[in-house]
Structures are given as structure tokens and as C-alpha cells.
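Structure record follows, encoded as C-alpha cells.
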Amino acid sequence: MTLLIFAFWVILNGRVTWEIVGIGAAATALAMLFLCRCCDWSLRKEGSVYRVAPLMLGYALTVILEVVKANLALCRVIYRGRPEPVVRTVPIQLKTRMARMVLANSITLTPGTITLKCKEGELVIHCLTREMAQGLEDTVFERKLRKIEEALHG
């Protein structure tokens with residue numbers, strides 16, 4: 001997180017000088033002090049963020065790929081003019097609230113599907129077609145989020 005905050009500072013400034021690096025280092029240190037004191041952050045959690053960064057990047061790329069595929073499928077549905085809306089309850093096996101929230105938002109980002117409700121062990125999802133509803137159990141999103149949860153929480 002420290003490196004991400006500092007990199008964000010440098011990117012927002014648009015150039016690198018000793019003055020910007022010094023002020024950025026001080027601002028980053030203050031931000032990290034705040035996170036540690038007020039937001040239950042620690043150096044152990046800091047290390048885990050860097051350890052799962054490749055998994056998170058892989059997840060982001062998967063979301064982008066699935067959005068593109070869903071856009072193409074949605075174009076076919078619109079072209080054929082045969083939507084068959086379905087509301088489906090899907091069981092999920094994610095343990096943390098954050099992972100469930102990320103899954104629900106990823107499904108909503110995917111065209112043709114909207115997460116209506118997120119409970120502890122299930123999601124209620126509206127799908128534009130029955131075919132979209134069939135692919136909701138044990139999605140690639142959930143599998144990747146489970147790997148991230150395992151890496152973070154063991």
C-alpha cells in the first residue's frame with residue numbers, strides 16, 4: 001500500500017523532482033500512520049497486499065475479458081430480439097464480506113446481469129437470458145476470488 005500511495009502521488013504530480021519525492025515520502029508516511037492507527041492496518045497486511053497483487057491483477061484482467069465476452073453475447077441477444085429475463089439465486093462459497101462485494105459488483109459490471117441482493121451464502125441475480133443464468137454457478141470470478149481469499153487469510 002505504501003508504494004501504491006507514493007506512486008499515485010508521483011503520477012498525480014506528473015514529474016519527478018527531489019522536492020516532489022520528499023513531500024510525497026512525507027505525505028505517504030502520514031497516510032500510512034493514519035491507516036495503522038485508525039484503520040486497523042499493519043505491516044503484516046502490507047506484505048499480504050504485495051503477495052496477492054499478481055492474483056488481483058489476474059482478476060482484473062478476467063473481469064475485462066468477461067465484460068467483452070458478455071458484450072458480444074448481449075449484442076446477439078439484441079440482434080435476435082429474444083430476451084428471456086430470469087432471476088436466479090446462486091450459492092457462493094466466499095468467506096469475507098469484501099470478496100462477496102467484489103463478486104457482486106463484478107457480476108453487475110458484466111452486461112446482461114445485475115446483482116439484486118448479496119447475502120452471506122448466496123447472491124440473487126437478474127439475467128437477461130436463460131443462457132446467462134446457466135453460467136452463474138461457480139464462476140471464474142468466484143474461483144479467482146477464493147484463491148485471493150486463501151492467499152490473504154490462509
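We name chains A, B, ... following the order of the C-alpha cells; residues begin at 1 in each chain, and ligands are numbered from 1 as shown.
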Exercise for the section: Mind listing the strand (DSSP E or B) residues of chain A, per DSSP on the backbone, as number ranges by chain? Expected result: A: 86-91, 113-118, 122-127
Practice task
Among the residues of chain A, find those DSSP assigns to helix (DSSP H, G or I) from the backbone and print them as a VMD selection string.
Solution key: chain A and resid 2 to 13 18 to 38 43 to 80 97 to 109 130 to 134 140 to 153
Fill in the blank from the handout: Using only C-alpha atoms, the residue out of A:Leu136, A:Ala25, A:Met1, A:Val16 with shortest distance to Gly47 of chain A is A:Met1
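Distances to Leu103 of chain A were evaluated for A:Ala73, A:Leu123, A:Ala26, A:Ala133 using only C-alpha atoms, and the minimum falls at A:Leu123.
Atom to atom, atom CA of Val124 of chain A and atom CA of Gln93 of chain A stand 14.1 Å apart.
Each of A:Gly14, A:Gly24, A:Gly121, A:Gly112 was compared to Leu72 of chain A using only C-alpha atoms, and A:Gly112 turns out to be the nearest.
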Practice task
Find the distance between atom CA of Leu128 of chain A and atom CA of Asn71 of chain A and write it in Å to one decimal.
Solution key: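 Between these atoms lies a distance of 12.1 Å.
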Practice task
List the neighbours of Pro85 of chain A out to 8 Å using only C-alpha atoms; skip same-chain residues closer than 4 positions along the sequence, and give me the result as JSON, numbers by chain.
Solution key: {"A": [126, 127, 128, 129, 130]}
Keeping only C-alpha atoms, write the selected residues to a file as a compact mmCIF listing (two decimals), in the first residue's frame.
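again32.txt, freshly written:
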# COMPACT_ATOMS: atom_id res chain seq x y z
CA HIS A 126 -31.19 -10.86 -12.66
CA CYS A 127 -30.09 -12.17 -16.06
CA LEU A 128 -31.30 -11.05 -19.45
CA THR A 129 -31.39 -14.60 -20.85
CA ARG A 130 -31.56 -18.17 -19.56
